[in-house]
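Visitor: Enclosed is the structure file target_37.cif (mmCIF, C-alpha atoms and all ligand atoms).
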data_query
#
loop_
_atom_site.label_atom_id
_atom_site.label_comp_id
_atom_site.auth_asym_id
_atom_site.auth_seq_id
_atom_site.Cartn_x
_atom_site.Cartn_y
_atom_site.Cartn_z
CA MET A 211 -5.52 -30.73 33.89
CA ILE A 212 -2.06 -30.45 35.39
CA VAL A 213 0.47 -27.94 34.06
CA PHE A 214 4.13 -28.91 34.34
CA ARG A 215 6.95 -26.45 33.76
CA THR A 216 9.90 -28.72 34.49
CA LYS A 217 11.29 -31.82 32.79
CA ALA A 218 11.60 -33.59 36.16
CA GLU A 219 7.86 -33.22 36.88
CA LEU A 220 6.92 -34.57 33.45
CA ALA A 221 9.37 -37.48 33.60
CA ARG A 222 8.18 -38.51 37.09
CA PHE A 223 4.53 -38.33 36.04
CA ALA A 224 5.20 -40.37 32.88
CA SER A 225 7.08 -43.10 34.79
CA GLU A 226 4.27 -43.39 37.35
CA THR A 227 1.63 -43.47 34.59
CA ARG A 228 3.46 -46.23 32.73
CA ARG A 229 3.96 -48.23 35.94
CA ALA A 230 0.17 -48.04 36.42
CA GLY A 231 -0.17 -49.69 32.98
CA LYS A 232 -1.86 -46.68 31.36
CA VAL A 233 -1.52 -45.77 27.67
CA ILE A 234 0.08 -42.35 27.11
CA GLY A 235 -0.72 -40.32 23.97
CA LEU A 236 1.52 -37.32 23.18
CA VAL A 237 0.75 -34.26 21.07
CA PRO A 238 3.85 -32.06 20.62
CA THR A 239 3.03 -28.46 19.61
CA MET A 240 4.54 -25.00 19.58
CA GLY A 241 1.29 -23.56 20.94
CA TYR A 242 -1.02 -20.87 19.59
CA LEU A 243 -3.37 -23.78 19.09
CA HIS A 244 -5.96 -24.01 16.33
CA ALA A 245 -8.46 -26.60 15.09
CA GLY A 246 -5.65 -28.56 13.40
CA HIS A 247 -3.88 -29.05 16.73
CA MET A 248 -7.16 -29.85 18.46
CA SER A 249 -7.89 -32.60 15.93
CA LEU A 250 -4.58 -34.19 17.00
CA VAL A 251 -5.62 -33.83 20.64
CA ASP A 252 -9.03 -35.42 19.89
CA THR A 253 -7.34 -38.33 18.12
CA ALA A 254 -5.00 -38.82 21.09
CA ARG A 255 -7.96 -38.56 23.51
CA SER A 256 -9.81 -41.32 21.62
CA LYS A 257 -6.88 -43.75 21.92
CA ALA A 258 -5.08 -42.97 25.20
CA ASP A 259 -5.75 -43.20 28.93
CA VAL A 260 -3.58 -40.13 29.49
CA VAL A 261 -3.09 -37.31 26.97
CA ILE A 262 -0.03 -35.09 27.26
CA VAL A 263 0.23 -31.92 25.14
CA THR A 264 3.55 -30.11 24.96
CA LEU A 265 3.65 -26.42 24.25
CA PHE A 266 7.14 -25.19 23.47
CA VAL A 267 8.36 -22.73 20.84
CA ASN A 268 11.55 -24.61 20.13
CA PRO A 269 14.41 -22.16 19.42
CA THR A 270 16.67 -24.78 17.84
CA GLN A 271 14.38 -25.22 14.83
CA PHE A 272 14.38 -21.53 13.87
CA GLY A 273 17.04 -20.01 11.61
CA PRO A 274 18.76 -16.72 12.58
CA ASN A 275 16.48 -14.63 10.33
CA GLU A 276 13.26 -16.48 11.08
CA ASP A 277 10.27 -15.61 13.27
CA LEU A 278 11.27 -17.08 16.68
CA ASP A 279 10.76 -13.77 18.51
CA ARG A 280 7.43 -12.91 16.96
CA TYR A 281 6.04 -16.47 16.82
CA PRO A 282 2.50 -16.12 18.30
CA ARG A 283 2.13 -17.13 21.94
CA ASP A 284 -0.96 -17.16 24.18
CA PHE A 285 -0.59 -19.53 27.09
CA GLU A 286 -4.00 -18.79 28.71
CA ARG A 287 -5.88 -19.39 25.47
CA ASP A 288 -3.95 -22.63 24.82
CA ARG A 289 -4.48 -23.81 28.40
CA LYS A 290 -8.25 -23.27 28.13
CA MET A 291 -8.46 -25.07 24.78
CA CYS A 292 -6.54 -28.06 26.15
CA GLU A 293 -8.76 -28.21 29.22
CA GLU A 294 -11.89 -28.12 27.05
CA HIS A 295 -10.58 -31.01 24.97
CA GLY A 296 -9.88 -33.24 27.96
CA VAL A 297 -6.07 -32.99 28.02
CA ASP A 298 -4.56 -34.46 31.22
CA VAL A 299 -1.16 -32.78 31.24
CA LEU A 300 0.13 -29.64 29.59
CA PHE A 301 3.92 -29.41 29.52
CA ALA A 302 5.06 -25.82 28.92
CA PRO A 303 8.75 -25.38 29.72
CA GLU A 304 10.98 -22.34 29.16
CA ALA A 305 13.85 -22.75 26.70
CA ALA A 306 16.37 -22.63 29.59
CA GLU A 307 14.57 -25.57 31.19
CA MET A 308 14.43 -27.59 27.99
CA TYR A 309 18.08 -27.16 26.96
CA ALA A 310 20.99 -27.39 29.39
CA PRO A 311 23.47 -24.49 29.01
CA GLY A 312 25.96 -25.33 26.27
CA SER A 313 23.77 -28.18 24.95
CA SER A 314 25.83 -29.74 22.13
CA THR A 315 24.13 -33.01 21.26
CA TRP A 316 21.76 -33.36 18.30
CA ILE A 317 19.54 -35.91 16.65
CA GLU A 318 19.79 -35.54 12.90
CA GLU A 319 18.01 -37.50 10.17
CA THR A 320 20.05 -37.11 7.02
CA ASP A 321 18.00 -38.49 4.14
CA LEU A 322 14.31 -37.56 4.19
CA ALA A 323 15.22 -34.27 5.86
CA ARG A 324 17.28 -33.07 2.86
CA PRO A 325 14.76 -31.80 0.27
CA LEU A 326 11.82 -29.35 0.55
CA CYS A 327 11.83 -27.50 3.91
CA GLY A 328 15.13 -29.18 4.81
CA ALA A 329 16.79 -27.48 1.82
CA SER A 330 15.15 -24.09 2.43
CA ARG A 331 15.55 -24.03 6.21
CA PRO A 332 18.99 -25.42 7.10
CA GLY A 333 19.02 -26.86 10.63
CA PHE A 334 15.23 -26.90 10.87
CA TYR A 335 14.76 -30.68 10.99
CA ARG A 336 17.78 -31.14 13.23
CA GLY A 337 16.05 -28.86 15.73
CA VAL A 338 12.75 -30.69 15.30
CA THR A 339 14.14 -34.21 15.70
CA THR A 340 16.27 -33.17 18.67
CA VAL A 341 13.38 -31.63 20.59
CA VAL A 342 10.93 -34.40 19.64
CA GLY A 343 13.47 -37.03 20.75
CA LYS A 344 13.83 -35.22 24.08
CA LEU A 345 10.03 -35.03 24.46
CA PHE A 346 9.75 -38.77 23.73
CA HIS A 347 12.30 -39.51 26.47
CA LEU A 348 10.51 -37.29 28.98
CA ALA A 349 6.85 -38.15 28.24
CA GLN A 350 7.45 -41.84 27.43
CA PRO A 351 4.41 -41.96 25.12
CA ASP A 352 2.97 -45.15 23.65
CA PHE A 353 2.03 -43.08 20.61
CA ALA A 354 2.43 -39.52 19.37
CA CYS A 355 0.21 -37.60 16.93
CA PHE A 356 1.63 -35.41 14.14
CA GLY A 357 -0.33 -33.52 11.48
CA LEU A 358 0.17 -34.19 7.78
CA LYS A 359 0.16 -30.44 7.09
CA ASP A 360 3.87 -30.92 7.94
CA ALA A 361 4.05 -34.16 5.95
CA GLN A 362 7.85 -34.13 5.60
CA GLN A 363 8.22 -33.55 9.35
CA CYS A 364 5.97 -36.53 10.00
CA PHE A 365 8.03 -38.78 7.69
CA VAL A 366 11.34 -37.58 9.18
CA ILE A 367 10.09 -38.36 12.69
CA GLU A 368 8.86 -41.81 11.60
CA ARG A 369 12.35 -42.49 10.22
CA MET A 370 14.01 -41.25 13.43
CA VAL A 371 11.77 -43.53 15.50
CA ARG A 372 12.63 -46.50 13.29
CA ASP A 373 16.37 -45.80 13.14
CA LEU A 374 16.85 -45.00 16.84
CA ASP A 375 14.41 -47.61 18.23
CA PHE A 376 12.16 -45.20 20.06
CA GLN A 377 9.34 -47.31 21.50
CA VAL A 378 6.61 -45.00 20.26
CA LYS A 379 4.08 -45.35 17.46
CA ILE A 380 3.69 -42.32 15.22
CA VAL A 381 0.07 -41.54 14.35
CA PRO A 382 -0.11 -39.28 11.26
CA CYS A 383 -3.30 -37.20 11.29
CA PRO A 384 -5.08 -35.44 8.39
CA LEU A 385 -4.28 -31.88 7.37
CA ILE A 386 -7.10 -29.57 8.49
CA ARG A 387 -8.23 -26.61 6.36
CA ASP A 388 -10.34 -23.54 6.94
CA ALA A 389 -13.69 -23.48 5.09
CA ASP A 390 -12.06 -21.55 2.21
CA GLY A 391 -9.31 -24.18 1.80
CA LEU A 392 -6.36 -22.46 3.53
CA ALA A 393 -4.34 -25.03 5.51
CA LEU A 394 -4.56 -24.17 9.21
CA SER A 395 -1.32 -22.81 10.65
CA SER A 396 -0.42 -20.67 13.65
CA ARG A 397 1.42 -18.43 11.16
CA ASN A 398 -1.84 -17.58 9.29
CA ARG A 399 -2.39 -14.86 11.87
CA TYR A 400 0.51 -12.89 10.34
CA LEU A 401 -1.43 -12.54 7.04
CA SER A 402 -3.35 -9.39 6.11
CA ALA A 403 -6.85 -9.99 4.68
CA ASP A 404 -5.47 -9.39 1.19
CA GLU A 405 -2.49 -11.73 1.65
CA ARG A 406 -4.78 -14.37 3.11
CA SER A 407 -7.11 -14.34 0.11
CA ARG A 408 -4.16 -14.47 -2.31
CA ALA A 409 -2.62 -17.33 -0.31
CA LEU A 410 -5.61 -19.51 -1.25
CA SER A 411 -3.80 -19.88 -4.59
CA ILE A 412 -1.47 -22.43 -2.97
CA HIS A 413 -4.23 -24.93 -2.27
CA LYS A 414 -5.89 -24.26 -5.64
CA ALA A 415 -2.60 -24.81 -7.48
CA LEU A 416 -1.94 -28.04 -5.58
CA LEU A 417 -5.45 -29.31 -6.36
CA GLU A 418 -4.78 -28.64 -10.07
CA GLY A 419 -1.52 -30.53 -9.68
CA ARG A 420 -3.30 -33.41 -7.96
CA ARG A 421 -5.76 -33.68 -10.86
CA ALA A 422 -2.91 -33.72 -13.38
CA LEU A 423 -1.00 -36.39 -11.44
CA GLU A 424 -4.13 -38.54 -11.16
CA GLU A 425 -4.76 -38.23 -14.90
CA GLN A 426 -1.22 -38.42 -16.30
CA GLY A 427 0.80 -40.13 -13.58
CA THR A 428 4.36 -38.90 -13.05
CA LYS A 429 5.53 -38.53 -16.67
CA ASP A 430 5.64 -34.72 -16.45
CA VAL A 431 6.13 -33.83 -12.79
CA SER A 432 8.33 -30.86 -13.64
CA GLY A 433 5.63 -29.41 -15.93
CA ILE A 434 2.99 -29.95 -13.24
CA CYS A 435 5.14 -28.26 -10.58
CA ALA A 436 6.07 -25.37 -12.89
CA LYS A 437 2.37 -24.74 -13.61
CA ALA A 438 1.51 -24.74 -9.90
CA ALA A 439 4.43 -22.40 -9.13
CA ALA A 440 3.32 -20.03 -11.92
CA ALA A 441 -0.24 -19.91 -10.52
CA ILE A 442 1.04 -19.04 -7.02
CA THR A 443 3.39 -16.39 -8.46
CA ALA A 444 0.52 -14.90 -10.51
CA ALA A 445 -1.44 -14.51 -7.25
CA GLY A 446 1.42 -12.46 -5.79
CA GLY A 447 3.23 -15.21 -3.87
CA ARG A 448 7.01 -15.68 -3.79
CA VAL A 449 7.48 -19.38 -4.37
CA ASP A 450 10.08 -21.18 -2.26
CA TYR A 451 9.41 -24.57 -3.82
CA VAL A 452 6.77 -26.69 -5.52
CA GLU A 453 7.90 -30.29 -5.80
CA ALA A 454 6.37 -33.68 -6.49
CA LEU A 455 8.35 -36.45 -4.78
CA ASP A 456 7.91 -40.13 -4.07
CA ARG A 457 6.19 -40.22 -0.67
CA ALA A 458 8.35 -43.10 0.56
CA THR A 459 11.78 -41.77 -0.45
CA LEU A 460 11.21 -38.03 -0.88
CA LYS A 461 13.17 -38.35 -4.11
CA ALA A 462 12.04 -37.95 -7.72
CA PRO A 463 9.23 -40.38 -8.57
CA THR A 464 10.18 -43.61 -10.38
CA ALA A 465 8.24 -46.43 -12.01
CA GLU A 466 7.88 -47.94 -8.50
CA THR A 467 6.25 -44.82 -7.03
CA ARG A 468 2.78 -45.52 -5.65
CA GLU A 469 2.17 -42.26 -3.82
CA VAL A 470 3.39 -38.74 -4.53
CA LEU A 471 3.89 -35.92 -2.05
CA LEU A 472 3.05 -32.75 -3.97
CA ALA A 473 4.33 -30.03 -1.66
CA ALA A 474 4.61 -26.26 -1.84
CA ALA A 475 6.10 -23.46 0.23
CA ALA A 476 5.53 -19.81 -0.63
CA PHE A 477 5.76 -16.39 0.96
CA PHE A 478 2.82 -14.01 1.01
CA GLY A 479 4.21 -10.76 2.36
CA THR A 480 6.80 -11.93 4.89
CA THR A 481 4.83 -15.03 5.88
CA ARG A 482 6.06 -18.41 4.70
CA LEU A 483 3.25 -20.92 4.26
CA ILE A 484 3.44 -24.61 3.43
CA ASP A 485 0.82 -26.98 2.08
CA ASN A 486 0.68 -30.35 0.36
CA GLU A 487 -1.42 -33.01 -1.29
CA LEU A 488 -0.68 -36.72 -0.97
CA VAL A 489 -1.64 -38.30 -4.28
CA GLU A 490 -2.08 -42.05 -4.68
CA LEU A 491 -1.28 -43.25 -8.19
CA GLU A 492 -3.14 -45.97 -10.01
CA ALA A 493 -1.23 -49.28 -9.85
O1 LIG B 1 5.13 -29.09 14.27
C1 LIG B 1 5.49 -28.41 15.26
O2 LIG B 1 4.72 -27.64 15.83
C2 LIG B 1 6.91 -28.53 15.77
O3 LIG B 1 7.80 -28.69 14.71
C3 LIG B 1 7.10 -29.65 16.81
C4 LIG B 1 6.83 -31.02 16.22
C5 LIG B 1 6.16 -29.39 17.99
C6 LIG B 1 8.53 -29.63 17.34
O4 LIG B 1 8.85 -28.42 17.93
#
Transcribe the structure of this file into structure tokens.

Guide:
Amino acid sequence: MIVFRTKAELARFASETRRAGKVIGLVPTMGYLHAGHMSLVDTARSKADVVIVTLFVNPTQFGPNEDLDRYPRDFERDRKMCEEHGVDVLFAPEAAEMYAPGSSTWIEETDLARPLCGASRPGFYRGVTTVVGKLFHLAQPDFACFGLKDAQQCFVIERMVRDLDFQVKIVPCPLIRDADGLALSSRNRYLSADERSRALSIHKALLEGRRALEEQGTKDVSGICAKAAAAITAAGGRVDYVEALDRATLKAPTAETREVLLAAAAFFGTTRLIDNELVELEA
């Protein structure tokens, strides 16, 4: 496995790889890898000649009072995990390498990025789409894998790719959970044992919501969301949102809605966790 620290090295490698007619699969991450990330890597490995993983805690997607400084980092551990999973290239730049001084150009998706995390974390998706767009330019992937734990992020990136004609296929990959149901996240390491066990209420509440949506359809989405929010609050969580939106539009469901994104964000202690269920409705 080769480790690149500069954009020039990655761009040169990607151009040579494409000239050789090889298929490039990209897995963008912020590091502190877990089984969820590795499932993306394994998917990329099964489809690509060359797998590139990027490891970059992207400052532009963190708000001023968020956890940029304490976001977990462990390069050696990540490097070993990538090597064990057959990654070809690990791209791990510093922020000063990634962004030119006085960088003032953004990529911003302005529709799907509005609700949910876009409403709670202003600037978050602008930071994500900007860095992912830059990574697409540098790594020139044929496809890129994104986890559905961040379902809205995945949909925003699909829209960016469509709107800006990036020649890359987005491969959405399943959300991976721990045995007890907690969605895997690098931020889970912030949780105390007590917070972690109380945080299981998010998944349980969403599963209840899924059952209700499957039985009743979308006639009472606000009741379903209120019930889920109450269950998370009762477990000691501070709910940021629980919403059920049309998966295609990320707006309130209508008679045309075929799939619902039931999504939640809640704080346990100071840790903000997100989770979701994608619910197909009967035609
Ligand atoms: O999902 C993430 O880890 C990040 O948002 C991403 C896509 C790597 C961009 O920094």

Visitor: One number please: CA of Val213 in chain A to CA of Arg255 in chain A, in Å, one decimal.

Guide: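 It comes out at 17.2 Å.
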
Visitor: Can you work out the spacing between CA of Tyr309 in chain A and CA of Val371 in chain A in Å, to one decimal?

Guide: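 So the two atoms, CA of Tyr309 in chain A and CA of Val371 in chain A, lie 21.0 Å apart.
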
Visitor: I need the residue nearest ligand LIG 1 (chain B) from this list: A:Leu472, A:Leu250, A:Ala440, A:Ala409. Use only C-alpha atoms and all ligand atoms for the distance.

Guide: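 Nearest to ligand LIG 1 (chain B): A:Leu250.
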
Visitor: When you look at range 222-231 of chain A with a cut-off of 10 Å (counting all atoms listed in the file), what residues show up, excluding the ones that are within fewer than 3 positions of it in the same chain? I need them as a ChimeraX atom specification.

Guide: /A:214,217-219,234,259-260,262,299,347-352

Visitor: Name the closest residue to Ala221 in chain A among the candidates A:Lys437, A:Lys344, A:Arg280, A:Arg448; distances are taken between atoms, counting only C-alpha atoms.

Guide: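 Under the stated criterion, the closest residue is A:Lys344.
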
Visitor: Please extract the residues at most 9 Å from ligand LIG 1 (chain B), counting only C-alpha atoms and all ligand atoms, and provide them as a PDB file with C-alpha atoms, in the frame of the given file, using the chain letters and residue numbers of this document.

Guide:
ATOM      1  CA  VAL A 237       0.750 -34.260  21.070  1.00  0.00           C
ATOM      2  CA  PRO A 238       3.850 -32.060  20.620  1.00  0.00           C
ATOM      3  CA  THR A 239       3.030 -28.460  19.610  1.00  0.00           C
ATOM      4  CA  MET A 240       4.540 -25.000  19.580  1.00  0.00           C
ATOM      5  CA  GLY A 241       1.290 -23.560  20.940  1.00  0.00           C
ATOM      6  CA  HIS A 247      -3.880 -29.050  16.730  1.00  0.00           C
ATOM      7  CA  THR A 264       3.550 -30.110  24.960  1.00  0.00           C
ATOM      8  CA  LEU A 265       3.650 -26.420  24.250  1.00  0.00           C
ATOM      9  CA  PHE A 266       7.140 -25.190  23.470  1.00  0.00           C
ATOM     10  CA  VAL A 267       8.360 -22.730  20.840  1.00  0.00           C
ATOM     11  CA  ASN A 268      11.550 -24.610  20.130  1.00  0.00           C
ATOM     12  CA  PRO A 269      14.410 -22.160  19.420  1.00  0.00           C
ATOM     13  CA  THR A 270      16.670 -24.780  17.840  1.00  0.00           C
ATOM     14  CA  GLN A 271      14.380 -25.220  14.830  1.00  0.00           C
ATOM     15  CA  PHE A 334      15.230 -26.900  10.870  1.00  0.00           C
ATOM     16  CA  TYR A 335      14.760 -30.680  10.990  1.00  0.00           C
ATOM     17  CA  GLY A 337      16.050 -28.860  15.730  1.00  0.00           C
ATOM     18  CA  VAL A 338      12.750 -30.690  15.300  1.00  0.00           C
ATOM     19  CA  THR A 339      14.140 -34.210  15.700  1.00  0.00           C
ATOM     20  CA  THR A 340      16.270 -33.170  18.670  1.00  0.00           C
ATOM     21  CA  VAL A 341      13.380 -31.630  20.590  1.00  0.00           C
ATOM     22  CA  VAL A 342      10.930 -34.400  19.640  1.00  0.00           C
ATOM     23  CA  PHE A 356       1.630 -35.410  14.140  1.00  0.00           C
ATOM     24  CA  GLY A 357      -0.330 -33.520  11.480  1.00  0.00           C
ATOM     25  CA  LYS A 359       0.160 -30.440   7.090  1.00  0.00           C
ATOM     26  CA  ASP A 360       3.870 -30.920   7.940  1.00  0.00           C
ATOM     27  CA  GLN A 363       8.220 -33.550   9.350  1.00  0.00           C
ATOM     28  CA  CYS A 364       5.970 -36.530  10.000  1.00  0.00           C
ATOM     29  CA  ILE A 367      10.090 -38.360  12.690  1.00  0.00           C
ATOM     30  CA  SER A 396      -0.420 -20.670  13.650  1.00  0.00           C
TER      31      SER A 396
END

Visitor: Give the answer as one residue: which of A:Ile434, A:Ala361, A:Ala422, A:Ile386 has the shortest atom-to-atom distance to Met248 in chain A, using all atoms listed in the file?

Guide: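 Result for the nearest residue to Met248 in chain A: A:Ile386.
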
Visitor: Which of these residues is nearest to Arg287 in chain A, using only C-alpha atoms: A:Asp252, A:Leu300, A:Ala454, A:Tyr242?

Guide: A:Tyr242

Visitor: Given all atoms listed in the file as the basis, pick out the residue of A:Leu471, A:Ala306, A:Ser313, A:Leu243 nearest to Pro282 in chain A.

Guide: A:Leu243

Visitor: Hey, can you check how far CA of Phe301 in chain A sits from CA of Val263 in chain A?

Guide: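 That distance, rounded to one decimal, is 6.3 Å.
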
Visitor: Find the spatial neighbours of Gly419 in chain A, counting only C-alpha atoms, within a cut-off of 12 Å - ignore same-chain residues fewer than 6 positions away - and output them as a ChimeraX atom specification.

Guide: /A:412-413,425-428,430-441,452-454,470-474,486-489
